[in-house]
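Chemist: Next up is a structure, given as structure tokens.
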Amino acid sequence: HLGVLHDDQIARLRGANLVANIQLSWFHAGETGELYGYFGTSRAAKVGRWKDLVAAGVNVCGSTDFPWGAPVLGPVNRTLYSATTRRGPEGELPEPWMASQVLSIQQAIELLTSRAAWALGIEDERGSIGAGKKADLVVLSQDPVSMQPEDLLELETAMTIVDGHVEHIHPDHELLLSSEGLPAWFTP
């Protein structure tokens, strides 16, 4: 998971034909004590250098282990919150070295969607919305890109669509459906 990276390793990654798959729900302020225990204070500052990887032009995609790992962080809103604030699940504030590695909301979303699809070689069918692509998507209760990172925990999953079929609709967002049970804006 590219836990500890030195500058020369980031430079080598940029020149290699590799994809760095980073876990966006890892390396947050709630883990600072554990990180210092595992790596020591001098090496801990080289942990989770996501912003440096993106800025260096390394081929990067994002992922999580949810629902199998990191259950405290959980669904996408908590993952985006962690990646864009590096705060812990209890609101713990990150150390300066960790705060320097936050991603923008747009970067985090792209790493989890279009960049992940690219890394798998399926960008023609997944990872973004477009004609002819699989209709697997999540509709959120608000536009995360227009939010402040600290407010991302307020996001809800309004609707989940898998293979063009509504699999989940939050009761507060049923107005998104047409009388046929499809999203009002959706054309198969």
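Note on naming: chains are A, B, ... as they come in the structure tokens, residues start from 1 per chain, ligands start from 1 in the order shown.
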Check the DSSP output for the backbone and give back, as a PyMOL selection string, the residues of chain A in alpha helix (DSSP H).

Modeler: chain A and resi 7-15+32-44+50-55+76-85+96-99+105-112+114-120

Chemist: Could you give me, as a list of chain:residue names, the residues within 8 Å of A:Val138, counting only C-alpha atoms and dropping anything in the same chain fewer than 6 positions from it?

Modeler: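 Result of the neighbour search: A:Thr157, A:Ala158, A:Met159, A:Thr160, A:Ile161.
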
Chemist: Take atom CA of A:Arg49 and atom CA of A:Gln107 and report the distance between them in Å, one decimal.

Modeler: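 Distance between the two atoms: 13.8 Å.
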
Chemist: Nearest residue to A:Leu24 out of A:Leu155, A:Ala83, A:Ala119, A:Ala135, using only C-alpha atoms?

Modeler: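 Going through A:Leu155, A:Ala83, A:Ala119, A:Ala135 one by one, the smallest distance to A:Leu24 is for A:Ala83.
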
Chemist: For A:Asn77, which of A:Gly57, A:Pro96, A:Pro144, A:Gly40 is the closest residue, counting only C-alpha atoms?

Modeler: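 When distances to A:Asn77 are compared using only C-alpha atoms, the smallest one comes from A:Pro144.
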
Chemist: State, in Å with one decimal place, the distance from atom CA of A:Asp143 to atom CA of A:Leu80.

Modeler: 12.4 Å

Chemist: Give the answer as one residue: which of A:Ile109, A:Leu53, A:Ala29, A:Val139 has the shortest atom-to-atom distance to A:Val166, using only C-alpha atoms?

Modeler: A:Val139
